[in-house]
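Okay, query-v5.pdb now, which holds PDB, C-alpha atoms:
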ATOM      1  CA  MET A   1      -7.004 -34.079   0.534
ATOM      2  CA  SER A   2      -5.547 -37.257  -0.899
ATOM      3  CA  VAL A   3      -1.858 -37.366  -1.789
ATOM      4  CA  SER A   4       0.310 -39.750  -3.724
ATOM      5  CA  ASP A   5       2.144 -42.723  -2.227
ATOM      6  CA  THR A   6       5.281 -40.591  -2.176
ATOM      7  CA  ASP A   7       3.483 -38.159   0.175
ATOM      8  CA  ASN A   8       4.494 -35.346  -2.146
ATOM      9  CA  PRO A   9       2.410 -32.263  -1.227
ATOM     10  CA  TYR A  10       2.512 -31.214  -4.889
ATOM     11  CA  GLU A  11       1.060 -34.477  -6.171
ATOM     12  CA  VAL A  12      -2.616 -34.570  -5.265
ATOM     13  CA  PHE A  13      -5.603 -36.723  -6.170
ATOM     14  CA  ILE A  14      -8.767 -34.636  -6.197
ATOM     15  CA  PRO A  15     -11.376 -35.953  -3.720
ATOM     16  CA  ASN A  16     -14.864 -36.740  -4.987
ATOM     17  CA  SER A  17     -16.247 -33.903  -2.859
ATOM     18  CA  TYR A  18     -15.081 -31.541  -5.632
ATOM     19  CA  ILE A  19     -17.027 -33.259  -8.429
ATOM     20  CA  GLY A  20     -18.748 -30.689 -10.624
ATOM     21  CA  GLN A  21     -16.621 -27.745  -9.521
ATOM     22  CA  ARG A  22     -14.344 -25.818 -11.860
ATOM     23  CA  LEU A  23     -10.698 -26.811 -11.870
ATOM     24  CA  ASP A  24      -9.409 -23.336 -10.994
ATOM     25  CA  GLN A  25     -11.734 -23.125  -7.980
ATOM     26  CA  THR A  26     -10.704 -26.583  -6.847
ATOM     27  CA  LEU A  27      -7.010 -25.786  -7.138
ATOM     28  CA  ALA A  28      -7.462 -22.637  -5.052
ATOM     29  CA  SER A  29      -9.011 -24.779  -2.314
ATOM     30  CA  LEU A  30      -6.443 -27.594  -2.487
ATOM     31  CA  PHE A  31      -3.410 -25.278  -2.673
ATOM     32  CA  PRO A  32      -4.345 -22.228  -0.561
ATOM     33  CA  GLN A  33      -0.680 -21.330  -0.095
ATOM     34  CA  PHE A  34      -0.516 -20.270  -3.764
ATOM     35  CA  SER A  35      -2.338 -17.308  -5.253
ATOM     36  CA  ARG A  36      -5.067 -17.949  -7.821
ATOM     37  CA  SER A  37      -3.120 -16.030 -10.465
ATOM     38  CA  ARG A  38      -0.042 -18.190  -9.899
ATOM     39  CA  LEU A  39      -2.033 -21.401 -10.204
ATOM     40  CA  GLN A  40      -3.631 -20.162 -13.422
ATOM     41  CA  ASN A  41      -0.223 -19.192 -14.827
ATOM     42  CA  TRP A  42       1.089 -22.655 -14.008
ATOM     43  CA  LEU A  43      -1.913 -24.232 -15.729
ATOM     44  CA  ALA A  44      -1.243 -22.200 -18.868
ATOM     45  CA  SER A  45       2.509 -22.842 -18.896
ATOM     46  CA  GLY A  46       2.309 -26.571 -18.186
ATOM     47  CA  ASN A  47       3.938 -26.315 -14.756
ATOM     48  CA  LEU A  48       0.702 -27.706 -13.299
ATOM     49  CA  LEU A  49      -0.665 -30.822 -14.986
ATOM     50  CA  VAL A  50      -3.941 -32.717 -14.625
ATOM     51  CA  ASN A  51      -3.509 -36.429 -15.331
ATOM     52  CA  GLY A  52      -0.267 -35.463 -17.051
ATOM     53  CA  LYS A  53      -1.912 -32.967 -19.403
ATOM     54  CA  ILE A  54      -2.420 -29.218 -19.741
ATOM     55  CA  VAL A  55      -6.080 -28.501 -18.967
ATOM     56  CA  LYS A  56      -8.173 -25.340 -19.109
ATOM     57  CA  PRO A  57      -9.113 -23.599 -15.824
ATOM     58  CA  LYS A  58     -12.872 -23.958 -16.436
ATOM     59  CA  THR A  59     -12.693 -27.747 -16.801
ATOM     60  CA  LYS A  60     -15.226 -29.521 -14.561
ATOM     61  CA  ILE A  61     -13.932 -31.951 -11.961
ATOM     62  CA  LEU A  62     -14.878 -35.625 -12.338
ATOM     63  CA  GLY A  63     -13.154 -36.781  -9.163
ATOM     64  CA  GLY A  64      -9.888 -38.653  -8.708
ATOM     65  CA  GLU A  65      -7.840 -36.548 -11.132
ATOM     66  CA  GLN A  66      -4.119 -36.461 -10.402
ATOM     67  CA  ILE A  67      -2.613 -32.988  -9.982
ATOM     68  CA  ASN A  68       1.132 -32.480 -10.342
ATOM     69  CA  ILE A  69       2.988 -29.226  -9.750
ATOM     70  CA  LEU A  70       6.313 -29.793 -11.473
ATOM     71  CA  ASP A  71       8.250 -26.869 -10.005
ATOM     72  CA  PRO A  72       6.634 -25.332  -6.906
ATOM     73  CA  TYR A  73       9.480 -22.810  -6.701
ATOM     74  CA  ASN A  74       8.577 -21.382 -10.089
ATOM     75  CA  GLY A  75       7.061 -18.212  -8.672
ATOM     76  CA  GLU A  76       7.388 -14.536  -8.072
ATOM     77  CA  GLU A  77       9.515 -14.781  -4.899
ATOM     78  CA  SER A  78      12.574 -15.294  -7.115
ATOM     79  CA  LEU A  79      11.933 -11.862  -8.625
ATOM     80  CA  PHE A  80      12.080 -10.046  -5.293
ATOM     81  CA  GLN A  81      15.317  -9.102  -3.566
ATOM     82  CA  PRO A  82      16.181  -9.526   0.124
ATOM     83  CA  GLU A  83      16.470  -6.161   1.857
ATOM     84  CA  ASP A  84      17.856  -5.392   5.301
ATOM     85  CA  ILE A  85      14.587  -4.041   6.646
ATOM     86  CA  SER A  86      13.989  -3.941  10.388
ATOM     87  CA  LEU A  87      11.231  -6.290  11.535
ATOM     88  CA  ASP A  88       9.750  -6.249  15.031
ATOM     89  CA  ILE A  89       9.781 -10.003  15.613
ATOM     90  CA  ILE A  90       8.058 -10.696  18.939
ATOM     91  CA  TYR A  91       8.294 -14.496  18.725
ATOM     92  CA  GLU A  92      10.018 -17.082  16.569
ATOM     93  CA  ASP A  93      11.032 -20.727  16.522
ATOM     94  CA  ASP A  94      12.011 -23.167  13.768
ATOM     95  CA  THR A  95       8.427 -23.291  12.468
ATOM     96  CA  LEU A  96       7.060 -19.756  12.491
ATOM     97  CA  ALA A  97       7.638 -16.136  13.377
ATOM     98  CA  VAL A  98       5.214 -13.512  14.655
ATOM     99  CA  VAL A  99       5.876  -9.972  13.483
ATOM    100  CA  ASN A 100       4.485  -6.769  14.967
ATOM    101  CA  LYS A 101       3.964  -4.703  11.809
ATOM    102  CA  ASP A 102       4.573  -0.954  11.850
ATOM    103  CA  THR A 103       2.463   1.636  10.067
ATOM    104  CA  ASN A 104       3.287   2.774   6.527
ATOM    105  CA  THR A 105       4.620  -0.681   5.693
ATOM    106  CA  VAL A 106       3.457  -2.618   2.652
ATOM    107  CA  VAL A 107       3.335  -6.372   3.273
ATOM    108  CA  HIS A 108       3.778  -7.703  -0.272
ATOM    109  CA  PRO A 109       5.361  -6.097  -3.362
ATOM    110  CA  GLY A 110       2.894  -4.785  -5.906
ATOM    111  CA  SER A 111       2.118  -1.884  -8.154
ATOM    112  CA  GLY A 112       4.113   1.111  -6.975
ATOM    113  CA  ASN A 113       5.749  -0.834  -4.123
ATOM    114  CA  TRP A 114       8.276  -3.258  -5.576
ATOM    115  CA  SER A 115      10.782  -2.877  -2.759
ATOM    116  CA  GLY A 116      10.886  -1.875   0.891
ATOM    117  CA  THR A 117       8.095  -4.287   1.786
ATOM    118  CA  MET A 118       7.791  -6.744   4.626
ATOM    119  CA  LEU A 119       8.319  -9.598   2.147
ATOM    120  CA  ASN A 120      11.679  -8.112   1.155
ATOM    121  CA  GLY A 121      12.619  -7.979   4.829
ATOM    122  CA  ILE A 122      11.524 -11.573   5.408
ATOM    123  CA  LEU A 123      13.680 -12.750   2.496
ATOM    124  CA  PHE A 124      16.660 -11.057   4.187
ATOM    125  CA  HIS A 125      16.030 -12.353   7.711
ATOM    126  CA  TYR A 126      14.996 -15.854   6.577
ATOM    127  CA  PRO A 127      16.806 -16.713   3.292
ATOM    128  CA  ASN A 128      15.085 -20.092   2.993
ATOM    129  CA  SER A 129      11.745 -18.300   2.693
ATOM    130  CA  LYS A 130      12.525 -17.831  -1.007
ATOM    131  CA  HIS A 131      11.368 -21.441  -1.401
ATOM    132  CA  ILE A 132       7.956 -20.774   0.205
ATOM    133  CA  PRO A 133       5.003 -19.107  -1.550
ATOM    134  CA  ARG A 134       4.679 -15.455  -0.501
ATOM    135  CA  ALA A 135       7.917 -15.959   1.478
ATOM    136  CA  GLY A 136       5.864 -17.682   4.176
ATOM    137  CA  ILE A 137       3.369 -14.861   4.697
ATOM    138  CA  VAL A 138       0.109 -16.443   5.835
ATOM    139  CA  HIS A 139      -2.170 -13.409   6.025
ATOM    140  CA  ARG A 140      -1.788  -9.712   5.333
ATOM    141  CA  LEU A 141      -2.459  -6.354   6.931
ATOM    142  CA  ASP A 142      -3.182  -3.150   5.041
ATOM    143  CA  LYS A 143      -0.283  -0.730   4.601
ATOM    144  CA  ASP A 144      -1.388   1.569   7.427
ATOM    145  CA  THR A 145      -2.801  -1.069   9.748
ATOM    146  CA  THR A 146      -0.423  -2.031  12.532
ATOM    147  CA  GLY A 147      -0.135  -5.194  14.560
ATOM    148  CA  LEU A 148       0.424  -8.929  14.558
ATOM    149  CA  MET A 149       1.109 -11.173  11.573
ATOM    150  CA  VAL A 150       2.338 -14.760  11.422
ATOM    151  CA  VAL A 151       4.988 -15.950   8.969
ATOM    152  CA  ALA A 152       5.628 -19.632   8.277
ATOM    153  CA  LYS A 153       9.200 -20.894   7.955
ATOM    154  CA  SER A 154       8.347 -24.012   5.964
ATOM    155  CA  LEU A 155       5.840 -25.007   3.338
ATOM    156  CA  GLU A 156       4.305 -27.572   5.691
ATOM    157  CA  ALA A 157       3.793 -24.930   8.374
ATOM    158  CA  GLN A 158       2.297 -22.519   5.860
ATOM    159  CA  ILE A 159      -0.190 -25.097   4.600
ATOM    160  CA  ASN A 160      -1.171 -25.920   8.177
ATOM    161  CA  LEU A 161      -1.689 -22.276   9.133
ATOM    162  CA  VAL A 162      -3.678 -21.488   5.984
ATOM    163  CA  ARG A 163      -5.897 -24.468   6.748
ATOM    164  CA  GLN A 164      -6.460 -23.090  10.234
ATOM    165  CA  LEU A 165      -7.529 -19.775   8.721
ATOM    166  CA  GLN A 166      -9.908 -21.574   6.378
ATOM    167  CA  SER A 167     -11.444 -23.534   9.241
ATOM    168  CA  LYS A 168     -11.795 -20.286  11.247
ATOM    169  CA  THR A 169      -9.774 -21.523  14.214
ATOM    170  CA  VAL A 170      -7.264 -18.651  14.135
ATOM    171  CA  HIS A 171      -8.341 -15.861  16.492
ATOM    172  CA  ARG A 172      -7.574 -12.366  15.194
ATOM    173  CA  GLU A 173      -8.676  -9.421  17.302
ATOM    174  CA  TYR A 174      -8.318  -5.761  16.331
ATOM    175  CA  TYR A 175      -8.628  -2.468  18.180
ATOM    176  CA  ALA A 176     -10.426   0.283  16.266
ATOM    177  CA  LEU A 177     -11.469   3.898  16.802
ATOM    178  CA  VAL A 178     -14.527   4.788  14.753
ATOM    179  CA  ASN A 179     -16.889   7.656  14.058
ATOM    180  CA  GLY A 180     -20.181   7.710  15.934
ATOM    181  CA  LYS A 181     -21.702   5.748  18.792
ATOM    182  CA  THR A 182     -21.973   2.085  17.862
ATOM    183  CA  PRO A 183     -24.228  -0.530  19.441
ATOM    184  CA  THR A 184     -22.764  -2.297  22.474
ATOM    185  CA  LYS A 185     -21.922  -5.257  20.258
ATOM    186  CA  GLY A 186     -22.902  -6.679  16.917
ATOM    187  CA  THR A 187     -22.094  -8.894  13.966
ATOM    188  CA  ILE A 188     -21.764  -7.704  10.375
ATOM    189  CA  ASP A 189     -22.382 -10.538   7.928
ATOM    190  CA  GLN A 190     -22.096  -9.032   4.452
ATOM    191  CA  PRO A 191     -20.165 -10.344   1.418
ATOM    192  CA  ILE A 192     -17.266  -8.238   0.155
ATOM    193  CA  GLY A 193     -16.002  -7.880  -3.408
ATOM    194  CA  ARG A 194     -14.231  -5.366  -5.619
ATOM    195  CA  HIS A 195     -15.837  -1.944  -5.863
ATOM    196  CA  PRO A 196     -17.707  -1.782  -9.196
ATOM    197  CA  LYS A 197     -16.169   1.582 -10.170
ATOM    198  CA  ASN A 198     -12.972   1.947  -8.145
ATOM    199  CA  ARG A 199     -10.920  -1.247  -8.475
ATOM    200  CA  THR A 200      -8.548  -0.229  -5.682
ATOM    201  CA  LYS A 201     -11.412  -0.335  -3.194
ATOM    202  CA  MET A 202     -13.635  -3.068  -1.827
ATOM    203  CA  ALA A 203     -17.380  -2.881  -1.239
ATOM    204  CA  ILE A 204     -20.378  -4.796   0.022
ATOM    205  CA  SER A 205     -21.379  -6.922  -2.950
ATOM    206  CA  SER A 206     -23.835  -9.768  -3.408
ATOM    207  CA  ALA A 207     -21.308 -11.253  -5.845
ATOM    208  CA  GLY A 208     -18.502 -11.008  -3.312
ATOM    209  CA  LYS A 209     -17.062 -13.526  -0.871
ATOM    210  CA  ASP A 210     -18.674 -14.188   2.484
ATOM    211  CA  ALA A 211     -17.328 -11.940   5.229
ATOM    212  CA  VAL A 212     -18.182 -11.833   8.933
ATOM    213  CA  THR A 213     -16.965  -9.323  11.524
ATOM    214  CA  HIS A 214     -17.928  -9.343  15.207
ATOM    215  CA  PHE A 215     -17.478  -6.164  17.266
ATOM    216  CA  THR A 216     -17.766  -5.180  20.923
ATOM    217  CA  LYS A 217     -17.701  -1.609  22.183
ATOM    218  CA  LEU A 218     -14.926  -0.950  24.695
ATOM    219  CA  ALA A 219     -15.464   2.777  25.231
ATOM    220  CA  GLU A 220     -17.302   5.720  23.726
ATOM    221  CA  GLY A 221     -17.296   9.488  23.665
ATOM    222  CA  ASP A 222     -19.506  12.205  22.274
ATOM    223  CA  LYS A 223     -19.431  10.950  18.682
ATOM    224  CA  TRP A 224     -16.808   8.221  18.651
ATOM    225  CA  SER A 225     -16.380   4.635  19.822
ATOM    226  CA  ALA A 226     -13.489   2.325  20.629
ATOM    227  CA  LEU A 227     -14.127  -1.222  19.441
ATOM    228  CA  SER A 228     -12.744  -4.712  19.667
ATOM    229  CA  CYS A 229     -13.256  -6.406  16.291
ATOM    230  CA  VAL A 230     -12.887 -10.143  15.755
ATOM    231  CA  LEU A 231     -12.595 -11.550  12.257
ATOM    232  CA  GLU A 232     -14.393 -14.725  11.307
ATOM    233  CA  THR A 233     -13.130 -14.333   7.736
ATOM    234  CA  GLY A 234     -10.226 -12.356   6.312
ATOM    235  CA  ARG A 235     -11.287 -10.375   3.247
ATOM    236  CA  THR A 236      -9.333  -7.407   1.926
ATOM    237  CA  HIS A 237     -10.222  -4.241   3.896
ATOM    238  CA  GLN A 238     -12.887  -6.260   5.724
ATOM    239  CA  ILE A 239     -13.164  -4.292   8.966
ATOM    240  CA  ARG A 240     -12.931  -0.975   7.154
ATOM    241  CA  VAL A 241     -15.654  -1.856   4.639
ATOM    242  CA  HIS A 242     -17.951  -3.488   7.183
ATOM    243  CA  LEU A 243     -17.845  -0.675   9.720
ATOM    244  CA  THR A 244     -18.280   1.970   7.029
ATOM    245  CA  SER A 245     -21.322   0.074   5.750
ATOM    246  CA  ILE A 246     -23.113   0.550   9.094
ATOM    247  CA  GLY A 247     -22.182   4.224   9.352
ATOM    248  CA  HIS A 248     -19.121   3.934  11.589
ATOM    249  CA  SER A 249     -16.047   4.493   9.441
ATOM    250  CA  LEU A 250     -12.617   4.264  11.020
ATOM    251  CA  LEU A 251     -11.145   7.526  12.205
ATOM    252  CA  GLY A 252      -8.371   8.639   9.865
ATOM    253  CA  ASP A 253      -9.306   6.278   7.026
ATOM    254  CA  GLN A 254      -8.304   8.030   3.804
ATOM    255  CA  THR A 255      -9.936   5.463   1.512
ATOM    256  CA  TYR A 256     -13.275   4.696   3.122
ATOM    257  CA  LYS A 257     -14.296   8.169   4.149
ATOM    258  CA  SER A 258     -17.758   9.023   5.367
ATOM    259  CA  ASN A 259     -19.730  12.181   5.969
ATOM    260  CA  HIS A 260     -18.307  12.389   9.487
ATOM    261  CA  GLN A 261     -16.161  15.526   9.557
ATOM    262  CA  ARG A 262     -16.344  16.312  13.263
ATOM    263  CA  TYR A 263     -12.865  15.068  14.109
ATOM    264  CA  THR A 264     -11.048  16.133  10.938
ATOM    265  CA  PRO A 265      -9.407  19.203  12.585
ATOM    266  CA  LEU A 266      -8.228  17.048  15.510
ATOM    267  CA  LEU A 267      -6.792  14.420  13.179
ATOM    268  CA  ASN A 268      -4.973  17.145  11.225
ATOM    269  CA  THR A 269      -3.567  18.669  14.419
ATOM    270  CA  LEU A 270      -2.189  15.273  15.440
ATOM    271  CA  SER A 271      -0.998  14.541  11.868
ATOM    272  CA  PHE A 272      -2.941  11.291  12.153
ATOM    273  CA  LYS A 273      -3.187  10.147   8.540
ATOM    274  CA  ARG A 274      -4.042   6.470   8.754
ATOM    275  CA  GLN A 275      -6.969   4.316   9.739
ATOM    276  CA  ALA A 276      -7.116   3.850  13.509
ATOM    277  CA  LEU A 277      -6.860   0.071  13.335
ATOM    278  CA  HIS A 278      -4.460  -2.254  15.143
ATOM    279  CA  ALA A 279      -4.218  -6.073  15.116
ATOM    280  CA  LYS A 280      -3.721  -6.521  18.833
ATOM    281  CA  ARG A 281      -4.275 -10.246  19.517
ATOM    282  CA  LEU A 282      -3.435 -13.412  17.607
ATOM    283  CA  SER A 283      -4.094 -17.001  18.653
ATOM    284  CA  LEU A 284      -3.424 -20.195  16.704
ATOM    285  CA  THR A 285      -2.421 -23.812  17.080
ATOM    286  CA  HIS A 286       1.277 -24.417  16.593
ATOM    287  CA  PRO A 287       1.715 -26.505  13.411
ATOM    288  CA  ASN A 288       4.340 -28.789  14.953
ATOM    289  CA  THR A 289       3.542 -29.051  18.658
ATOM    290  CA  GLY A 290      -0.246 -28.675  18.565
ATOM    291  CA  GLU A 291       0.024 -26.148  21.396
ATOM    292  CA  LEU A 292      -2.392 -23.197  21.484
ATOM    293  CA  MET A 293      -0.244 -20.073  21.108
ATOM    294  CA  ASN A 294      -1.313 -16.539  22.055
ATOM    295  CA  TRP A 295       0.314 -13.186  21.394
ATOM    296  CA  GLU A 296      -0.683  -9.605  22.147
ATOM    297  CA  SER A 297       0.623  -6.302  20.813
ATOM    298  CA  PRO A 298       0.216  -3.054  22.791
ATOM    299  CA  ILE A 299      -1.878  -0.301  21.223
ATOM    300  CA  PRO A 300       0.616   1.919  19.334
ATOM    301  CA  ASP A 301       1.418   5.395  20.584
ATOM    302  CA  ASP A 302      -0.338   7.251  17.768
ATOM    303  CA  ILE A 303      -3.670   5.526  18.417
ATOM    304  CA  ARG A 304      -3.279   5.937  22.184
ATOM    305  CA  THR A 305      -2.589   9.639  21.669
ATOM    306  CA  LEU A 306      -5.654   9.972  19.449
ATOM    307  CA  HIS A 307      -7.820   8.186  22.011
ATOM    308  CA  ALA A 308      -6.616  10.502  24.785
ATOM    309  CA  ALA A 309      -7.183  13.565  22.592
ATOM    310  CA  LEU A 310     -10.758  12.471  21.878
ATOM    311  CA  ILE A 311     -11.458  12.201  25.614
ATOM    312  CA  THR A 312      -9.859  15.598  26.253
ATOM    313  CA  ARG A 313     -11.938  17.216  23.521
ATOM    314  CA  ASP A 314     -15.137  15.749  24.920
ATOM    315  CA  ASN A 315     -14.285  17.025  28.404
ATOM    316  CA  GLU A 316     -13.566  20.514  27.074
ATOM    317  CA  GLU A 317     -16.942  20.642  25.341
ATOM    318  CA  THR A 318     -18.980  19.595  28.394
TER     319      THR A 318
END
Spit out the file's structure as structure tokens when you get a sec.
Amino acid sequence: MSVSDTDNPYEVFIPNSYIGQRLDQTLASLFPQFSRSRLQNWLASGNLLVNGKIVKPKTKILGGEQINILDPYNGEESLFQPEDISLDIIYEDDTLAVVNKDTNTVVHPGSGNWSGTMLNGILFHYPNSKHIPRAGIVHRLDKDTTGLMVVAKSLEAQINLVRQLQSKTVHREYYALVNGKTPTKGTIDQPIGRHPKNRTKMAISSAGKDAVTHFTKLAEGDKWSALSCVLETGRTHQIRVHLTSIGHSLLGDQTYKSNHQRYTPLLNTLSFKRQALHAKRLSLTHPNTGELMNWESPIPDDIRTLHAALITRDNEET
């Protein structure tokens, strides 16, 4: 990316490599820290100018256009209130924080969840995060998925970390309990997009974005498997959609259910009402020091209890 002589991260000259692409697609690539909807709203309102003018999102890039974001703090963070919500912060410094997310926690406010989210808690713990898109959140976890997330404490750190995600140098490893006996290892390379009928769900779609999940079997029982899943991309519900697509839905998943009913009574007995998925390892390069950083989160008690109960059930049936 080329920037102005003032080195202003919000004043950008579009490289020639984007010639022929649509403006909205180019902006999403150049400013990954901002959501597509925010960039489009700024285009419409005049907060984002191209060569000093308001331009339509579908405009084709010629190369060398000057992009200016007049007020980068003109965003939704100002609408959300800080809330004294407990966060399990396992590491932090002046640049970033790593949070071990609990279950039943929404990461970002949205329909039906405008308060009580992790973002509200971040705004309380780190007041300056109100000046950073998404309050510094770099990637998300589903409401009922537990585990590690990184939060940037500055715009520069957020841009750096998002770039690392885009270049696939951030290592994210998950622990999953699934229905059925999976292969020893495998790779699922299938694009993911919105479900054509249920817009709250995702699905394998030829019109979707590329998505790659690698998995390795750690253990297995009669009709279940414990997996390590490594993300190459980070699409919404990626692991859940990918594993369901090959016939191995996550145990407890209330959204991506399959025909597997064998363990339903056991799940009900344990009151296990979430997908058995945990983000257990996270590795990235520190934006300031360049040091490779690694963190690990223990498997939570509810998933450990479920795993033990599956083994016990198998033993009782043999």
Close residues, Phe215 in chain A itself excluded, 6 Å, only C-alpha atoms, min 2 positions apart in chain, as a list in words
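Everything that qualifies: Lys185, Gly186, Ser228 and Cys229 of chain A.
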Quick check, in Å to one decimal: how far apart do CA of Ala226 in chain A and CA of Ala176 in chain A lie?
5.7 Å
Between CA of Lys168 in chain A and CA of Ser245 in chain A lies a distance of 23.1 Å
Evaluate the PyMOL selection byres ((chain A and resi 204) around 12) here and jot the selected residues down as a PDB file with C-alpha atoms, in the coordinates of the input.
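out00.pdb was written with the following content:
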ATOM      1  CA  ILE A 188     -21.764  -7.704  10.375  1.00  0.00           C
ATOM      2  CA  ASP A 189     -22.382 -10.538   7.928  1.00  0.00           C
ATOM      3  CA  GLN A 190     -22.096  -9.032   4.452  1.00  0.00           C
ATOM      4  CA  PRO A 191     -20.165 -10.344   1.418  1.00  0.00           C
ATOM      5  CA  ILE A 192     -17.266  -8.238   0.155  1.00  0.00           C
ATOM      6  CA  GLY A 193     -16.002  -7.880  -3.408  1.00  0.00           C
ATOM      7  CA  ARG A 194     -14.231  -5.366  -5.619  1.00  0.00           C
ATOM      8  CA  HIS A 195     -15.837  -1.944  -5.863  1.00  0.00           C
ATOM      9  CA  PRO A 196     -17.707  -1.782  -9.196  1.00  0.00           C
ATOM     10  CA  LYS A 201     -11.412  -0.335  -3.194  1.00  0.00           C
ATOM     11  CA  MET A 202     -13.635  -3.068  -1.827  1.00  0.00           C
ATOM     12  CA  ALA A 203     -17.380  -2.881  -1.239  1.00  0.00           C
ATOM     13  CA  SER A 205     -21.379  -6.922  -2.950  1.00  0.00           C
ATOM     14  CA  SER A 206     -23.835  -9.768  -3.408  1.00  0.00           C
ATOM     15  CA  ALA A 207     -21.308 -11.253  -5.845  1.00  0.00           C
ATOM     16  CA  GLY A 208     -18.502 -11.008  -3.312  1.00  0.00           C
ATOM     17  CA  LYS A 209     -17.062 -13.526  -0.871  1.00  0.00           C
ATOM     18  CA  ASP A 210     -18.674 -14.188   2.484  1.00  0.00           C
ATOM     19  CA  ALA A 211     -17.328 -11.940   5.229  1.00  0.00           C
ATOM     20  CA  VAL A 212     -18.182 -11.833   8.933  1.00  0.00           C
ATOM     21  CA  ARG A 235     -11.287 -10.375   3.247  1.00  0.00           C
ATOM     22  CA  THR A 236      -9.333  -7.407   1.926  1.00  0.00           C
ATOM     23  CA  HIS A 237     -10.222  -4.241   3.896  1.00  0.00           C
ATOM     24  CA  GLN A 238     -12.887  -6.260   5.724  1.00  0.00           C
ATOM     25  CA  ILE A 239     -13.164  -4.292   8.966  1.00  0.00           C
ATOM     26  CA  ARG A 240     -12.931  -0.975   7.154  1.00  0.00           C
ATOM     27  CA  VAL A 241     -15.654  -1.856   4.639  1.00  0.00           C
ATOM     28  CA  HIS A 242     -17.951  -3.488   7.183  1.00  0.00           C
ATOM     29  CA  LEU A 243     -17.845  -0.675   9.720  1.00  0.00           C
ATOM     30  CA  THR A 244     -18.280   1.970   7.029  1.00  0.00           C
ATOM     31  CA  SER A 245     -21.322   0.074   5.750  1.00  0.00           C
ATOM     32  CA  ILE A 246     -23.113   0.550   9.094  1.00  0.00           C
TER      33      ILE A 246
END
Between CA of Thr305 in chain A and CA of Gln275 in chain A, measure the distance and give it in Å to one decimal.
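Computing it gives 13.8 Å between the two atoms.
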Do you know which residues the PyMOL selection byres ((chain A and resi 69) around 8) returns on this file, as a list in words?
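On this input, the PyMOL selection byres ((chain A and resi 69) around 8) captures Tyr10, Glu11, Asn47, Leu48, Leu49, Ile67, Asn68, Leu70, Asp71 and Pro72 of chain A.
Evaluating the PyMOL selection byres ((chain A and resi 249) around 7) against the shown model yields Val178, Asn179, Arg240, Leu243, Thr244, Gly247, His248, Leu250, Leu251, Tyr256, Lys257 and Ser258 of chain A.
Ranking A:Thr255, A:Ser154, A:Ser271, A:Thr169 by their shortest atom-to-atom distance to Asp93 in chain A, with only C-alpha atoms included, puts A:Ser154 first.
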Name the residues, using the chain letters and numbers of the file, that sit within 9 Å of (5.8, -15.1, 8.1) when counting only C-alpha atoms, and give them as a list in words.
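Taken together, the residues in range are Leu96, Ala97, Val98, Val99, Leu119, Ile122, Ser129, Arg134, Ala135, Gly136, Ile137, Val138, His139, Met149, Val150, Val151, Ala152, Lys153 and Gln158 of chain A.
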With all atoms listed in the file as the basis for distance, which of A:Gly221, A:Thr216, A:Leu270, A:Gln164 is at the shortest distance from Ser283 in chain A?
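Of A:Gly221, A:Thr216, A:Leu270, A:Gln164, the one nearest Ser283 in chain A, counting all atoms listed in the file, is A:Gln164.
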Near Thr103 in chain A, counting only C-alpha atoms, which residues have an atom at most 12 Å away, once you skip same-chain residues fewer than 5 positions from it, shown as a VMD selection string?
chain A and resid 87 to 88 117 to 118 141 to 148 272 to 279 300 to 303
Set the distance at 8 Å and use all atoms listed in the file: which residues neighbour Val162 in chain A once local chain neighbours fewer than 3 positions away are removed? I'd like the list as a list in words.
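Final neighbour list, sorted by chain and number: Pro32, Gln33, Val138, Gln158, Ile159, Leu165 and Gln166 of chain A.
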Residue among A:Thr289, A:Asn100, A:Thr264, A:Gln254 lying closest to Ala157 in chain A, counting only C-alpha atoms
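So, comparing all the options, the nearest one is A:Thr289.
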Excluding Leu27 in chain A and any residue of its chain fewer than 6 positions from it, enumerate the residues within 12 Å of it, using all atoms listed in the file, and give them as a ChimeraX atom specification.
/A:1,10-15,18,21,33-40,42-43,48-50,57-61,65-69
Size and centre in Å, one decimal, axis-aligned box, all listed range 292-301 of chain A atoms plus 3 Å per side, as JSON:
{"center_x": -0.5, "center_y": -8.9, "center_z": 21.1, "size_x": 9.8, "size_y": 34.6, "size_z": 9.5}
Could you please fill out range 14-18 of chain A with N, CA, C and O atoms and send it back as an mmCIF file, keeping the file's coordinate frame?
data_model
loop_
_atom_site.group_PDB
_atom_site.id
_atom_site.type_symbol
_atom_site.label_atom_id
_atom_site.label_comp_id
_atom_site.auth_asym_id
_atom_site.auth_seq_id
_atom_site.Cartn_x
_atom_site.Cartn_y
_atom_site.Cartn_z
ATOM 1 N N ILE A 14 -7.628 -35.459 -6.579
ATOM 2 C CA ILE A 14 -8.767 -34.636 -6.197
ATOM 3 C C ILE A 14 -9.875 -35.495 -5.589
ATOM 4 O O ILE A 14 -10.353 -36.440 -6.230
ATOM 5 N N PRO A 15 -10.300 -35.176 -4.368
ATOM 6 C CA PRO A 15 -11.376 -35.953 -3.720
ATOM 7 C C PRO A 15 -12.707 -35.796 -4.473
ATOM 8 O O PRO A 15 -12.943 -34.802 -5.163
ATOM 9 N N ASN A 16 -13.571 -36.760 -4.307
ATOM 10 C CA ASN A 16 -14.864 -36.740 -4.987
ATOM 11 C C ASN A 16 -15.762 -35.599 -4.520
ATOM 12 O O ASN A 16 -16.737 -35.252 -5.190
ATOM 13 N N SER A 17 -15.432 -35.015 -3.371
ATOM 14 C CA SER A 17 -16.247 -33.903 -2.859
ATOM 15 C C SER A 17 -16.185 -32.683 -3.775
ATOM 16 O O SER A 17 -17.005 -31.773 -3.664
ATOM 17 N N TYR A 18 -15.222 -32.673 -4.710
ATOM 18 C CA TYR A 18 -15.081 -31.541 -5.632
ATOM 19 C C TYR A 18 -15.741 -31.799 -6.984
ATOM 20 O O TYR A 18 -15.644 -30.955 -7.883
#
